[in-house]
Amino acid sequence: MRIALFATCLADTLFPEAAKATALLLERLGHEVVFPFEQTCCGQMHVNTGYQKDALPLVKRYVKTFDPYDVIVAPSGSCVGSIRHQHAMVAAKYGDAGLASRASSVGERTYELSELLIDVLKIEDVGAFYPHKVTYHPTCHSLRMTRVGDKPLRLLRQVRGLDLVELPAAEQCCGFGGTFAIKNAETSSAMLADKMTNIVSTGADVCSAGDASCLMHIGGGLSRLRSGVRTVHLAEILAATES
Amino acid sequence: MTTFLGMPATAPRGVGNLRGDQTFPEAAHDALGNDQMRRNLRHATTTIRGKSGKVIGELPDWQRLRDAGSAIKADVMARLPFLLEQLEQNVTAAGGIVHWAADANEANAIVTRLVKETGSDRVIKVKSMATQEIGLNEALEEAGIAPVETDLAELIVQLGHDKPSHILVPAIHRNRSEIREIFLREMPGVDPALTDDPPVLAAAARRYLRETFLSTTVAVSGANFAIADTGTLAVVESEGNGRMCLTLPDTLITVMGIEKVLPTWQDLEVFLQLLPRASTGERMNPYTTMWTGVTPGDGPQNFHLILLDNGRSAVLADEAGRSALHCIRCSACLNVCPVYERTGGHAYGSVYPGPIGAILSPQLTGIEDNASLPYASSLCGACFDACPVKIDIPSILVHLRNEVPHPRGERAAMKAAARIMDRPRLYASAQRAAKLARIAGRRGRGLPPPLTGWTASRDLPEMPSQTFRDWWAAR
Amino acid sequence: MSASRELILSRVRAALRDALVVPEVPRDYRPAGRPVDLDVLVDRLVDYKATVHRIREDEIASTVEGLVSGAVLVPSGLPQEWRPAGALVDDGLAPDRIAAAAAVLTAAAVAVAETGTIVLDASPDQGRRIITLLPDVHIIVLRPEQVVAAVPDAVARLDARRPLTWISGPSATSDIELNRVEGVHGPRNLHVLLLG
């Protein structure tokens, strides 16, 4: 299958390993991955901070860049959630009905990685090998906006060598929330502190998630704590092999 | 002029409890330093989440009930003028008197006048968000009338000279030993040997209020529901203080937001299933009282219903925000909110705290008076899933953020970011420049505000040696 | 007053200028009419700290006499054969006399099995609302045919124009640390005499 990759601005700039792993995994599974260079950012930060009008060009850009593709993947439940649930709203409000309907259509064709693997490619065992004790933070937008359910866990359970340990209060927010972490930094830190306590309590050496943004937040906290727990994107685990 | 007067209006300043003195981050700062309160809140919200989840799990049609509840409320909003007139007609036909209050000042004046007409200098009160919202107690006290809160949690708040911090359990921030101390200090005639055993504390409240219930001739209540096609009012409660207030006095004055009306009697079959399970986590609350006008020989013989706008018409005018009026005040969104759990209710500055408060208060007051509230959320979405009438709180938060007057510096930065992100070449060179500019170090020391907020407790990620697009181009 | 009435209604009409579509209400939740399971009712009553006595109708008076030692208040329309010896009949008693009764014995209008709720509608065999509020013990006689499966059945059976009191267990509060504690202002003891 020919799959267009939306790397997301965060992975492209700060966490390229997550985007690389997404591409390499899909290629290993026999698919053709294309990366349209015209892509930048989905605009979620603008929308969620109250700058919907400023997000309009980014919505237009996303729609124009990815409209030619039947299947689009992004290694982020949050960006996919924004594309599916916010792009058409911004387009309708500040653009026009035509853009809104194209945005809806492109949104329907945009999948979070675990959704693409399980719902579209119908595969749960991606042949990965990852000999580590891993706990999984399901991320709010993956759970409650994109609604990927337990798909990431189903994929992780098939990974050879991986010891998956349950994260207490997994469904609770890590406190990132985009600009929330800056505008309400203290509350965000209090939420992060509890998330880290739960992660450390599992005894895992890796905390994984399907969103680079939450991982940046959690990883930044774990690093400050010198907890010894690393953060690794779901795509990187699924892309890892024995060789 | 008449057209102008008829335009939707926000709640007036200078009266009531919809506006705080501080921004949310400032108020949260104080609350986050209070470890005892955070422990109390965590304990209480964890308890209620467990109870609520269990009894919701018993209903195989919970989601269908939510759909019905949501649709009934949308129907109410669409037909509000008709339903209010129908309610007025049926309450009047059953012997009640209906008053209309455009705002808090008018509602307070009506209640004060009605109480004075009875000659009483004291009223007993059933817990009511609407009367908290309009600052009725303050207005009554100013007029020389003593309002006595009879709900246990409201009593704890009133005796403790405190403010409510939760919609359902206004004293949720207090634990049993703090409640004992408040009772020992403030409750006249209390047994000095009082323990902090909850049944003992409840018994102390029973003894303290008994005589007041029997000797007060006027009560003030809110309403959970008002049925347009029958004129029936309903108050949902637990302790029996509501029954006391709704049954014993000669005069009952009910203050109700205009959005609380329901079209038909049958609609109660939906809301009486949704509310207790979402709210206290019970299959049914201990007591619900329903009354239609006046019943000769049974209960208050004078019934006044005050229909309150106080900003609700302004909320209704916002197509993207009006579903905040669907709220049935169950508190489920507070109980699942990770922000509320850590900051408590006082940080929101309004009688409506938590996620629903973050969308309702700014709309009632006009957004400039509560501009920080729409940002008091990580948009985690737990509130939307918990809401028994499916209010999409995260989407309304996002909508309100778009209406907030933004700080100039932030506006400029956002515009610049959007400009760069709309130009892939500029974007790619900005990515490379960012890498070179990482002089702040991993701990981000020396970063300007607001980024210092980030690095107070978190490291910044290492800058990778190559962006993804550069790697892809070089493959 | 009527000025504010017109003001509010005109504000609301102005707010609805976008002519909201009146939605169809989906009522595909479980409707009234499901079979009744008395054991569910008993389970739910007991769970919320009511005491249930499954007795015959001719055992009502003796059961009440066994439960209460002081004066038992009854509404004027309560069947004679249900009344314990020396019952105090409410013929417009003053509140202090009602409060002084050791217990009150009434019939009921409807009971909801799924929620453990009993509804009083102030019929002559239940009396005015005050009599079931002030005594510390409330004893309710319930006939099996008055029990319905769920809330929609009860709403359908009840007359909205009567004063209604929905009772689920004794008076309780969740105001201290959100734990349910029985016994605040209403009757602290609820006995249900389920006939059959």
# chains A, B, ... in the order shown; residues from 1 in each chain; ligands from 1

call {"tool": "interface_residues", "arguments": {"of": "chain C", "to": "chain B", "cutoff": "6 Å", "atoms": "only C-alpha atoms", "output": "NGL selection string"}}
result
:C and (4-5 or 7 or 9-12 or 15 or 20 or 22-23 or 25-27 or 29 or 115 or 128 or 151-152 or 161 or 163-169 or 171-173 or 175 or 177-178 or 184-186)

call {"tool": "residues_around", "arguments": {"residues": "C:Val46", "least_positions_apart": "3", "cutoff": "12 Å", "atoms": "only C-alpha atoms", "output": "list of chain:residue names"}}
result
C:Asp39, C:Val40, C:Leu41, C:Val42, C:Asp43, C:Lys49, C:Ala50, C:Thr51, C:Val52, C:His53, C:Ala113, C:Thr115, C:Gly116, C:Thr117, C:Ser168, C:Gly169, C:Pro170, C:Asn189, C:Leu190, C:His191, C:Val192

call {"tool": "write_last_selection", "arguments": {"atoms": "N, CA and C atoms", "output": "compact mmCIF listing (two decimals), in the first residue's frame"}}
result
# COMPACT_ATOMS: atom_id res chain seq x y z
N ASP C 39 -36.77 -9.64 44.36
CA ASP C 39 -35.49 -9.85 45.03
C ASP C 39 -34.52 -8.70 44.75
N VAL C 40 -34.62 -8.14 43.54
CA VAL C 40 -33.77 -6.98 43.23
C VAL C 40 -34.14 -5.82 44.14
N LEU C 41 -35.43 -5.60 44.30
CA LEU C 41 -35.87 -4.51 45.19
C LEU C 41 -35.31 -4.71 46.60
N VAL C 42 -35.45 -5.93 47.10
CA VAL C 42 -34.99 -6.20 48.46
C VAL C 42 -33.48 -5.97 48.56
N ASP C 43 -32.77 -6.47 47.56
CA ASP C 43 -31.31 -6.30 47.55
C ASP C 43 -30.93 -4.82 47.60
N LYS C 49 -29.36 0.35 53.39
CA LYS C 49 -29.58 0.36 54.84
C LYS C 49 -31.04 0.46 55.27
N ALA C 50 -31.96 0.08 54.39
CA ALA C 50 -33.34 -0.09 54.85
C ALA C 50 -33.47 -1.51 55.39
N THR C 51 -34.43 -1.72 56.29
CA THR C 51 -34.67 -3.07 56.79
C THR C 51 -35.94 -3.59 56.13
N VAL C 52 -35.86 -4.79 55.57
CA VAL C 52 -37.00 -5.33 54.83
C VAL C 52 -37.59 -6.50 55.61
N HIS C 53 -38.92 -6.49 55.75
CA HIS C 53 -39.63 -7.58 56.41
C HIS C 53 -40.62 -8.13 55.40
N ALA C 113 -37.78 -1.26 41.72
CA ALA C 113 -36.86 -2.34 42.11
C ALA C 113 -35.41 -1.98 41.81
N THR C 115 -33.68 0.64 41.61
CA THR C 115 -33.00 1.66 42.40
C THR C 115 -33.29 1.56 43.90
N GLY C 116 -34.19 0.66 44.29
CA GLY C 116 -34.54 0.55 45.71
C GLY C 116 -35.27 1.79 46.22
N THR C 117 -36.13 2.34 45.39
CA THR C 117 -36.82 3.59 45.71
C THR C 117 -38.30 3.35 45.99
N SER C 168 -35.16 6.66 49.00
CA SER C 168 -34.25 5.53 48.74
C SER C 168 -33.38 5.35 49.98
N GLY C 169 -33.87 4.53 50.87
CA GLY C 169 -33.13 4.30 52.11
C GLY C 169 -33.39 5.42 53.09
N PRO C 170 -32.81 5.29 54.29
CA PRO C 170 -32.96 6.34 55.28
C PRO C 170 -32.17 7.59 54.87
N ASN C 189 -34.26 5.64 60.37
CA ASN C 189 -34.53 4.21 60.21
C ASN C 189 -35.69 4.02 59.26
N LEU C 190 -35.47 3.20 58.26
CA LEU C 190 -36.52 2.93 57.28
C LEU C 190 -36.79 1.43 57.27
N HIS C 191 -38.04 1.06 57.60
CA HIS C 191 -38.45 -0.34 57.54
C HIS C 191 -39.45 -0.50 56.40
N VAL C 192 -39.27 -1.53 55.62
CA VAL C 192 -40.21 -1.80 54.53
C VAL C 192 -40.89 -3.13 54.81

call {"tool": "interface_residues", "arguments": {"of": "chain B", "to": "chain A", "cutoff": "7 Å", "atoms": "only C-alpha atoms", "output": "PyMOL selection string"}}
result
chain B and resi 25+29+338-339+342+375+377-381+398+401-402+414-415+418+421-422+424+431+450-451+453-454+457-461+463-464+467-469

call {"tool": "residues_around", "arguments": {"residues": "B:Val404", "least_positions_apart": "4", "cutoff": "10 Å", "atoms": "only C-alpha atoms", "output": "number ranges by chain"}}
result
A: 49-51; B: 362, 366-375, 399-400

call {"tool": "closest_residue", "arguments": {"among": "C:Val147, C:Arg44, C:Ile139, C:Ile8", "to": "C:Glu65", "atoms": "only C-alpha atoms"}}
result
C:Ile139

call {"tool": "closest_residue", "arguments": {"among": "B:Pro407, B:Gln466, B:His304, B:Val220", "to": "B:Thr92", "atoms": "only C-alpha atoms"}}
result
B:His304

call {"tool": "residues_around", "arguments": {"residues": "A:Val206", "least_positions_apart": "5", "cutoff": "12 Å", "atoms": "only C-alpha atoms", "output": "list in words"}}
result
Tyr130, Pro131, His132, Lys133, Val134, Thr135, Tyr136, His137, Leu162, Asp163, Leu164, Val165, Leu167, Ile199, Val200, Leu215, Ile218, Gly219, Leu222, Ser227, Gly228, Val229, Arg230, Thr231, Val232, His233, Leu234, Glu236 and Ile237 of chain A

call {"tool": "select_by_dssp", "arguments": {"residues": "stretch 86-169 of chain A", "states": "strand (DSSP E or B)", "output": "list in words"}}
result
Thr110, Tyr111, Glu112, Phe129, Lys133, Val134, Thr135, Tyr136, Arg160, Asp163, Leu164 and Val165 of chain A

call {"tool": "atom_distance", "arguments": {"atom1": "atom CA of A:Val148", "atom2": "atom CA of A:Glu115"}}
result
6.4 Å

call {"tool": "closest_residue", "arguments": {"among": "C:Glu114, C:Asp159, C:Glu182, C:Asp90", "to": "C:Leu78", "atoms": "only C-alpha atoms"}}
result
C:Asp90

call {"tool": "select_by_dssp", "arguments": {"residues": "stretch 85-187 of chain A", "states": "helix (DSSP H, G or I)", "output": "number ranges by chain"}}
result
A: 85, 87-94, 97-108, 113-120, 140-144, 151-157, 180-183, 185-187

call {"tool": "atom_distance", "arguments": {"atom1": "atom CA of C:Ala122", "atom2": "atom CA of C:Val181"}}
result
27.4 Å

call {"tool": "closest_residue", "arguments": {"among": "C:Ala160, C:Leu195, C:Ile176, C:Asp153", "to": "C:Gly33", "atoms": "only C-alpha atoms"}}
result
C:Asp153

call {"tool": "atom_distance", "arguments": {"atom1": "atom CA of B:Arg475", "atom2": "atom CA of A:Leu24"}}
result
11.7 Å

call {"tool": "residues_around", "arguments": {"residues": "C:Ile140", "least_positions_apart": "4", "cutoff": "10 Å", "atoms": "only C-alpha atoms", "output": "ChimeraX atom specification"}}
result
/C:52,104-108,118,120,126,132,190-194

call {"tool": "write_last_selection", "arguments": {"atoms": "all heavy atoms", "output": "CSV table (one decimal), in the first residue's frame"}}
result
chain,number,residue,atom,x,y,z
C,52,VAL,N,-35.9,-4.8,55.6
C,52,VAL,CA,-37.0,-5.3,54.8
C,52,VAL,C,-37.6,-6.5,55.6
C,52,VAL,O,-36.9,-7.4,56.1
C,52,VAL,CB,-36.6,-5.8,53.4
C,52,VAL,CG1,-37.8,-6.4,52.7
C,52,VAL,CG2,-35.9,-4.6,52.7
C,104,VAL,N,-43.7,6.4,62.3
C,104,VAL,CA,-44.8,6.6,61.4
C,104,VAL,C,-45.0,5.4,60.5
C,104,VAL,O,-44.0,4.9,60.0
C,104,VAL,CB,-44.7,8.0,60.6
C,104,VAL,CG1,-43.4,7.9,59.7
C,104,VAL,CG2,-45.9,8.2,59.8
C,105,LEU,N,-46.2,5.0,60.3
C,105,LEU,CA,-46.6,3.9,59.5
C,105,LEU,C,-47.4,4.4,58.3
C,105,LEU,O,-48.5,5.0,58.5
C,105,LEU,CB,-47.3,2.8,60.3
C,105,LEU,CG,-47.9,1.6,59.5
C,105,LEU,CD1,-46.8,0.7,59.0
C,105,LEU,CD2,-48.8,0.8,60.4
C,106,THR,N,-47.0,4.1,57.1
C,106,THR,CA,-47.8,4.5,55.9
C,106,THR,C,-47.8,3.4,54.8
C,106,THR,O,-47.0,2.5,54.9
C,106,THR,CB,-47.2,5.8,55.2
C,106,THR,OG1,-45.9,5.4,54.6
C,106,THR,CG2,-46.9,6.9,56.2
C,107,ALA,N,-48.7,3.6,53.9
C,107,ALA,CA,-48.6,2.9,52.7
C,107,ALA,C,-47.7,3.6,51.7
C,107,ALA,O,-47.0,4.5,52.1
C,107,ALA,CB,-50.0,2.7,52.1
C,108,ALA,N,-47.6,3.2,50.4
C,108,ALA,CA,-46.8,3.8,49.4
C,108,ALA,C,-47.6,3.9,48.1
C,108,ALA,O,-48.6,3.2,48.0
C,108,ALA,CB,-45.5,3.1,49.3
C,118,ILE,N,-38.8,4.0,47.0
C,118,ILE,CA,-40.3,4.0,47.3
C,118,ILE,C,-40.8,5.4,47.1
C,118,ILE,O,-40.2,6.4,47.6
C,118,ILE,CB,-40.5,3.4,48.7
C,118,ILE,CG1,-40.0,2.0,48.8
C,118,ILE,CG2,-42.0,3.5,49.1
C,118,ILE,CD1,-40.0,1.4,50.2
C,120,LEU,N,-43.9,8.1,47.7
C,120,LEU,CA,-45.2,8.4,48.4
C,120,LEU,C,-45.8,9.5,47.6
C,120,LEU,O,-45.2,10.5,47.1
C,120,LEU,CB,-44.9,9.0,49.8
C,120,LEU,CG,-44.0,8.1,50.7
C,120,LEU,CD1,-44.0,8.8,52.1
C,120,LEU,CD2,-44.5,6.7,50.9
C,126,GLN,N,-51.2,7.5,52.9
C,126,GLN,CA,-49.8,7.9,53.1
C,126,GLN,C,-49.7,9.3,53.8
C,126,GLN,O,-48.7,9.5,54.5
C,126,GLN,CB,-49.1,8.1,51.7
C,126,GLN,CG,-49.0,6.7,51.0
C,126,GLN,CD,-49.0,6.9,49.5
C,126,GLN,OE1,-48.1,7.6,49.0
C,126,GLN,NE2,-49.9,6.2,48.8
C,132,THR,N,-44.2,11.9,57.5
C,132,THR,CA,-43.2,11.0,57.2
C,132,THR,C,-41.8,11.6,57.3
C,132,THR,O,-40.8,10.9,57.0
C,132,THR,CB,-43.3,10.4,55.8
C,132,THR,OG1,-43.4,11.4,54.9
C,132,THR,CG2,-44.6,9.5,55.7
C,190,LEU,N,-35.5,3.2,58.3
C,190,LEU,CA,-36.5,2.9,57.3
C,190,LEU,C,-36.8,1.4,57.3
C,190,LEU,O,-35.9,0.6,57.0
C,190,LEU,CB,-36.1,3.4,55.9
C,190,LEU,CG,-37.1,3.1,54.7
C,190,LEU,CD1,-38.3,3.9,54.9
C,190,LEU,CD2,-36.4,3.4,53.4
C,191,HIS,N,-38.0,1.1,57.6
C,191,HIS,CA,-38.5,-0.3,57.5
C,191,HIS,C,-39.5,-0.5,56.4
C,191,HIS,O,-40.4,0.3,56.3
C,191,HIS,CB,-39.1,-0.8,58.9
C,191,HIS,CG,-38.2,-0.8,60.0
C,191,HIS,ND1,-37.4,-1.9,60.3
C,191,HIS,CD2,-37.9,0.1,60.9
C,191,HIS,CE1,-36.7,-1.7,61.4
C,191,HIS,NE2,-36.9,-0.4,61.8
C,192,VAL,N,-39.3,-1.5,55.6
C,192,VAL,CA,-40.2,-1.8,54.5
C,192,VAL,C,-40.9,-3.1,54.8
C,192,VAL,O,-40.2,-4.2,55.0
C,192,VAL,CB,-39.5,-1.8,53.2
C,192,VAL,CG1,-40.5,-2.1,52.1
C,192,VAL,CG2,-38.8,-0.5,52.9
C,193,LEU,N,-42.2,-3.1,54.9
C,193,LEU,CA,-43.0,-4.3,55.1
C,193,LEU,C,-43.5,-4.7,53.7
C,193,LEU,O,-44.5,-4.2,53.2
C,193,LEU,CB,-44.1,-4.1,56.1
C,193,LEU,CG,-43.8,-3.4,57.4
C,193,LEU,CD1,-45.0,-3.3,58.3
C,193,LEU,CD2,-42.6,-4.0,58.1
C,194,LEU,N,-42.8,-5.7,53.2
C,194,LEU,CA,-43.2,-6.1,51.8
C,194,LEU,C,-44.1,-7.3,51.9
C,194,LEU,O,-43.8,-8.4,52.4
C,194,LEU,CB,-41.9,-6.5,51.0
C,194,LEU,CG,-42.0,-7.0,49.6
C,194,LEU,CD1,-42.8,-6.0,48.7
C,194,LEU,CD2,-40.7,-7.3,49.0

call {"tool": "residues_around", "arguments": {"residues": "B:Gly119", "least_positions_apart": "4", "cutoff": "10 Å", "atoms": "only C-alpha atoms", "output": "list in words"}}
result
Leu114, Val115, Thr217 and Val218 of chain B

call {"tool": "write_last_selection", "arguments": {"atoms": "all heavy atoms", "output": "PDB file, in the first residue's frame"}}
result
ATOM      1  N   LEU B 114     -40.087  39.456  49.207  1.00  0.00           N
ATOM      2  CA  LEU B 114     -41.033  38.384  49.568  1.00  0.00           C
ATOM      3  C   LEU B 114     -40.845  37.952  51.017  1.00  0.00           C
ATOM      4  O   LEU B 114     -41.810  37.693  51.735  1.00  0.00           O
ATOM      5  CB  LEU B 114     -40.869  37.184  48.625  1.00  0.00           C
ATOM      6  CG  LEU B 114     -41.292  37.416  47.174  1.00  0.00           C
ATOM      7  CD1 LEU B 114     -40.900  36.219  46.306  1.00  0.00           C
ATOM      8  CD2 LEU B 114     -42.799  37.672  47.078  1.00  0.00           C
ATOM      9  N   VAL B 115     -39.577  37.849  51.457  1.00  0.00           N
ATOM     10  CA  VAL B 115     -39.331  37.445  52.846  1.00  0.00           C
ATOM     11  C   VAL B 115     -39.860  38.518  53.789  1.00  0.00           C
ATOM     12  O   VAL B 115     -40.539  38.221  54.782  1.00  0.00           O
ATOM     13  CB  VAL B 115     -37.827  37.189  53.094  1.00  0.00           C
ATOM     14  CG1 VAL B 115     -37.582  36.848  54.568  1.00  0.00           C
ATOM     15  CG2 VAL B 115     -37.313  36.061  52.205  1.00  0.00           C
ATOM     16  N   THR B 217     -40.419  30.172  59.136  1.00  0.00           N
ATOM     17  CA  THR B 217     -41.641  30.156  58.327  1.00  0.00           C
ATOM     18  C   THR B 217     -41.398  30.353  56.840  1.00  0.00           C
ATOM     19  O   THR B 217     -42.333  30.271  56.044  1.00  0.00           O
ATOM     20  CB  THR B 217     -42.606  31.248  58.808  1.00  0.00           C
ATOM     21  OG1 THR B 217     -41.919  32.508  58.748  1.00  0.00           O
ATOM     22  CG2 THR B 217     -43.058  30.982  60.241  1.00  0.00           C
ATOM     23  N   VAL B 218     -40.144  30.636  56.454  1.00  0.00           N
ATOM     24  CA  VAL B 218     -39.846  30.854  55.034  1.00  0.00           C
ATOM     25  C   VAL B 218     -38.635  30.019  54.632  1.00  0.00           C
ATOM     26  O   VAL B 218     -37.642  29.970  55.356  1.00  0.00           O
ATOM     27  CB  VAL B 218     -39.521  32.338  54.732  1.00  0.00           C
ATOM     28  CG1 VAL B 218     -39.395  32.559  53.232  1.00  0.00           C
ATOM     29  CG2 VAL B 218     -40.560  33.252  55.325  1.00  0.00           C
TER      30      VAL B 218
END

call {"tool": "residues_around", "arguments": {"residues": "A:Ser76", "least_positions_apart": "3", "cutoff": "6 Å", "atoms": "only C-alpha atoms", "output": "PyMOL selection string"}}
result
chain A and resi 79+112+210-211
